[in-house]
>>> print(open('entry_39.cif').read())   # mmCIF, C-alpha atoms
data_run
#
loop_
_atom_site.label_atom_id
_atom_site.label_comp_id
_atom_site.auth_asym_id
_atom_site.auth_seq_id
_atom_site.Cartn_x
_atom_site.Cartn_y
_atom_site.Cartn_z
CA MET M 32 125.67 87.93 -2.58
CA ARG M 33 124.24 90.55 -0.24
CA ARG M 34 125.78 93.98 -0.03
CA ASP M 35 128.00 94.85 2.90
CA ASP M 36 125.69 97.58 4.18
CA ALA M 37 122.83 95.08 4.42
CA LEU M 38 125.06 92.62 6.25
CA PHE M 39 126.19 95.25 8.75
CA LEU M 40 122.52 96.11 9.28
CA ASP M 41 121.73 92.43 9.89
CA ILE M 42 124.43 92.31 12.58
CA LEU M 43 123.14 95.50 14.17
CA ILE M 44 119.54 94.27 14.23
CA ALA M 45 120.58 90.93 15.73
CA ALA M 46 122.68 92.68 18.40
CA ARG M 47 119.74 94.93 19.29
CA LYS M 48 117.49 91.89 19.57
CA ILE M 49 119.96 90.23 21.94
CA GLN M 50 119.96 93.37 24.04
CA GLN M 51 116.16 93.43 24.02
CA PHE M 52 115.82 89.71 24.85
CA THR M 53 118.10 90.03 27.88
CA PHE M 54 116.94 93.43 29.14
CA GLU M 55 116.72 93.45 32.94
CA MET M 56 117.70 89.77 33.12
CA THR M 57 120.21 88.45 35.56
CA LYS M 58 122.60 85.66 34.72
CA ALA M 59 120.45 83.31 36.78
CA ASP M 60 117.32 84.40 34.90
CA PHE M 61 119.07 83.74 31.59
CA LYS M 62 120.32 80.31 32.65
CA GLU M 63 116.80 79.32 33.68
CA ASN M 64 115.05 80.68 30.58
CA GLN M 65 115.44 78.31 27.66
CA MET M 66 113.43 80.57 25.36
CA ALA M 67 115.80 83.50 26.01
CA GLN M 68 118.80 81.20 25.52
CA SER M 69 117.48 79.96 22.19
CA ALA M 70 116.63 83.45 21.01
CA VAL M 71 120.04 84.87 21.95
CA ILE M 72 121.93 81.94 20.44
CA ARG M 73 119.92 82.29 17.23
CA GLU M 74 120.78 85.98 16.94
CA PHE M 75 124.46 85.24 17.54
CA GLN M 76 124.23 82.77 14.68
CA VAL M 77 122.66 85.42 12.44
CA MET M 78 125.41 87.87 13.37
CA GLY M 79 128.09 85.30 12.62
CA GLU M 80 126.65 84.30 9.28
CA ALA M 81 126.44 87.95 8.22
CA ALA M 82 129.98 88.62 9.46
CA LYS M 83 131.30 85.72 7.36
CA GLN M 84 129.79 87.22 4.21
CA ILE M 85 131.18 90.74 4.56
CA SER M 86 133.67 91.51 1.81
CA ALA M 87 137.39 91.59 2.51
CA GLU M 88 137.43 95.28 1.58
CA ALA M 89 134.71 96.14 4.11
CA GLN M 90 136.47 94.03 6.74
CA THR M 91 139.67 95.98 6.17
CA GLN M 92 137.82 99.31 6.32
CA ASN M 93 136.21 98.24 9.61
CA ALA M 94 139.13 96.45 11.20
CA ASN M 95 137.98 97.62 14.65
CA LEU M 96 134.92 95.34 14.43
CA PRO M 97 135.52 91.81 15.77
CA LEU M 98 134.04 90.18 12.66
CA GLN M 99 136.26 87.09 12.82
CA LYS M 100 135.36 86.54 16.48
CA ILE M 101 131.67 86.93 15.68
CA ALA M 102 131.97 84.38 12.86
CA GLY M 103 133.98 82.06 15.08
CA MET M 104 131.35 82.19 17.81
CA ARG M 105 128.69 81.35 15.24
CA ASN M 106 130.71 78.37 14.02
CA ARG M 107 131.01 76.98 17.54
CA MET M 108 127.33 77.48 18.22
CA VAL M 109 126.33 75.72 15.02
CA HIS M 110 128.89 72.94 14.85
CA GLU M 111 129.39 72.36 18.56
CA TYR M 112 125.86 73.20 19.71
CA PHE M 113 126.09 70.42 22.29
CA ARG M 114 128.94 72.27 24.05
CA ILE M 115 127.55 75.81 24.24
CA ASP M 116 128.70 77.39 27.48
CA LEU M 117 125.93 79.66 28.75
CA ASP M 118 128.39 81.51 30.96
CA ILE M 119 130.37 82.54 27.86
CA VAL M 120 127.18 83.50 26.02
CA TRP M 121 126.00 85.60 28.98
CA ASN M 122 129.40 87.26 29.44
CA THR M 123 129.49 88.12 25.74
CA VAL M 124 126.04 89.66 25.97
CA GLN M 125 127.01 91.71 29.02
CA GLN M 126 130.49 92.76 27.92
CA GLU M 127 130.37 93.03 24.13
CA ILE M 128 126.91 93.71 22.71
CA LEU M 129 126.50 97.36 23.73
CA GLY M 130 129.93 98.27 22.37
CA LEU M 131 129.24 96.41 19.15
CA ILE M 132 125.93 98.23 18.74
CA THR M 133 127.69 101.57 19.25
CA GLN M 134 130.33 100.70 16.64
CA LEU M 135 127.76 99.50 14.12
CA GLN M 136 125.59 102.59 14.54
CA SER M 137 128.49 104.65 13.21
CA ILE M 138 128.65 102.42 10.10
CA VAL M 139 125.00 101.73 9.35
CA PRO M 140 123.08 104.78 8.15
CA PRO M 141 120.08 105.70 10.31
CA GLU M 142 116.65 104.63 9.14
CA ASN M 143 114.58 107.16 7.25
CA PRO M 144 111.57 108.40 9.22
#
>>> encode(input="entry_39.cif", output="structure tokens")
Amino acid sequence: MRRDDALFLDILIAARKIQQFTFEMTKADFKENQMAQSAVIREFQVMGEAAKQISAEAQTQNANLPLQKIAGMRNRMVHEYFRIDLDIVWNTVQQEILGLITQLQSIVPPENP
């Protein structure tokens, strides 16, 4: 099993990728761009899989992180891929990713130069 710090880093990297993939996009741009949709959905799946593997102790220590919601979103995207609502995906990107990145940056140690 991977260590919690590596899993938190995986979530942070995936969140940053989502932010990068959607930078300067409008909702209409996103809904028309299948490559961006696939990339964002994939990174949400990575985040969710990592969130599911974080130890109970680390989850308790970081109760402010929405790890269960992240894992739940991943489960829907994987098991109900045929019902993904792009409006929900877009709203999550716009309303949640920046805050999540900020929270994770306080947990994940900065990279060494």
>>> closest_residue(input="entry_39.cif", among="M:Ala46, M:Met104, M:Met56, M:Ala70", to="Gly130 in chain M", atoms="only C-alpha atoms")
M:Ala46
>>> atom_distance(input="entry_39.cif", atom1="CA of Ile42 in chain M", atom2="CA of Lys58 in chain M")
23.2 Å
>>> closest_residue(input="entry_39.cif", among="M:Ile72, M:Glu63, M:Leu96, M:Met78", to="Leu43 in chain M", atoms="all atoms listed in the file")
M:Met78
>>> residues_near_point(input="entry_39.cif", point="(121.1, 89.1, 34.6)", cutoff="12 Å", atoms="all atoms listed in the file", output="number ranges by chain")
M: 50, 52-64, 67, 118, 120-122, 124-125
>>> resolve_selection(input="entry_39.cif", expression="the PyMOL selection byres ((chain M and resi 37) around 12)", output="number ranges by chain")
M: 32-36, 38-44, 78, 81-82, 84-86, 89, 135, 138-140
>>> atom_distance(input="entry_39.cif", atom1="CA of Glu74 in chain M", atom2="CA of Ala45 in chain M")
5.1 Å
>>> residues_near_point(input="entry_39.cif", point="(119.9, 80.3, 21.5)", cutoff="10 Å", atoms="all atoms listed in the file", output="ChimeraX atom specification")
/M:49,65-76,108,112,115,117,120
>>> axis_aligned_box(input="entry_39.cif", around="range 60-72 of chain M", padding_each_side="8 Å", output="lines of an AutoDock Vina configuration file")
center_x = 117.7
center_y = 81.6
center_z = 27.7
size_x = 24.5
size_y = 22.6
size_z = 30.5
>>> atom_distance(input="entry_39.cif", atom1="CA of Asp116 in chain M", atom2="CA of Ile101 in chain M")
15.5 Å
>>> closest_residue(input="entry_39.cif", among="M:Gly103, M:His110, M:Glu80, M:Pro97", to="Leu131 in chain M", atoms="all atoms listed in the file")
M:Pro97
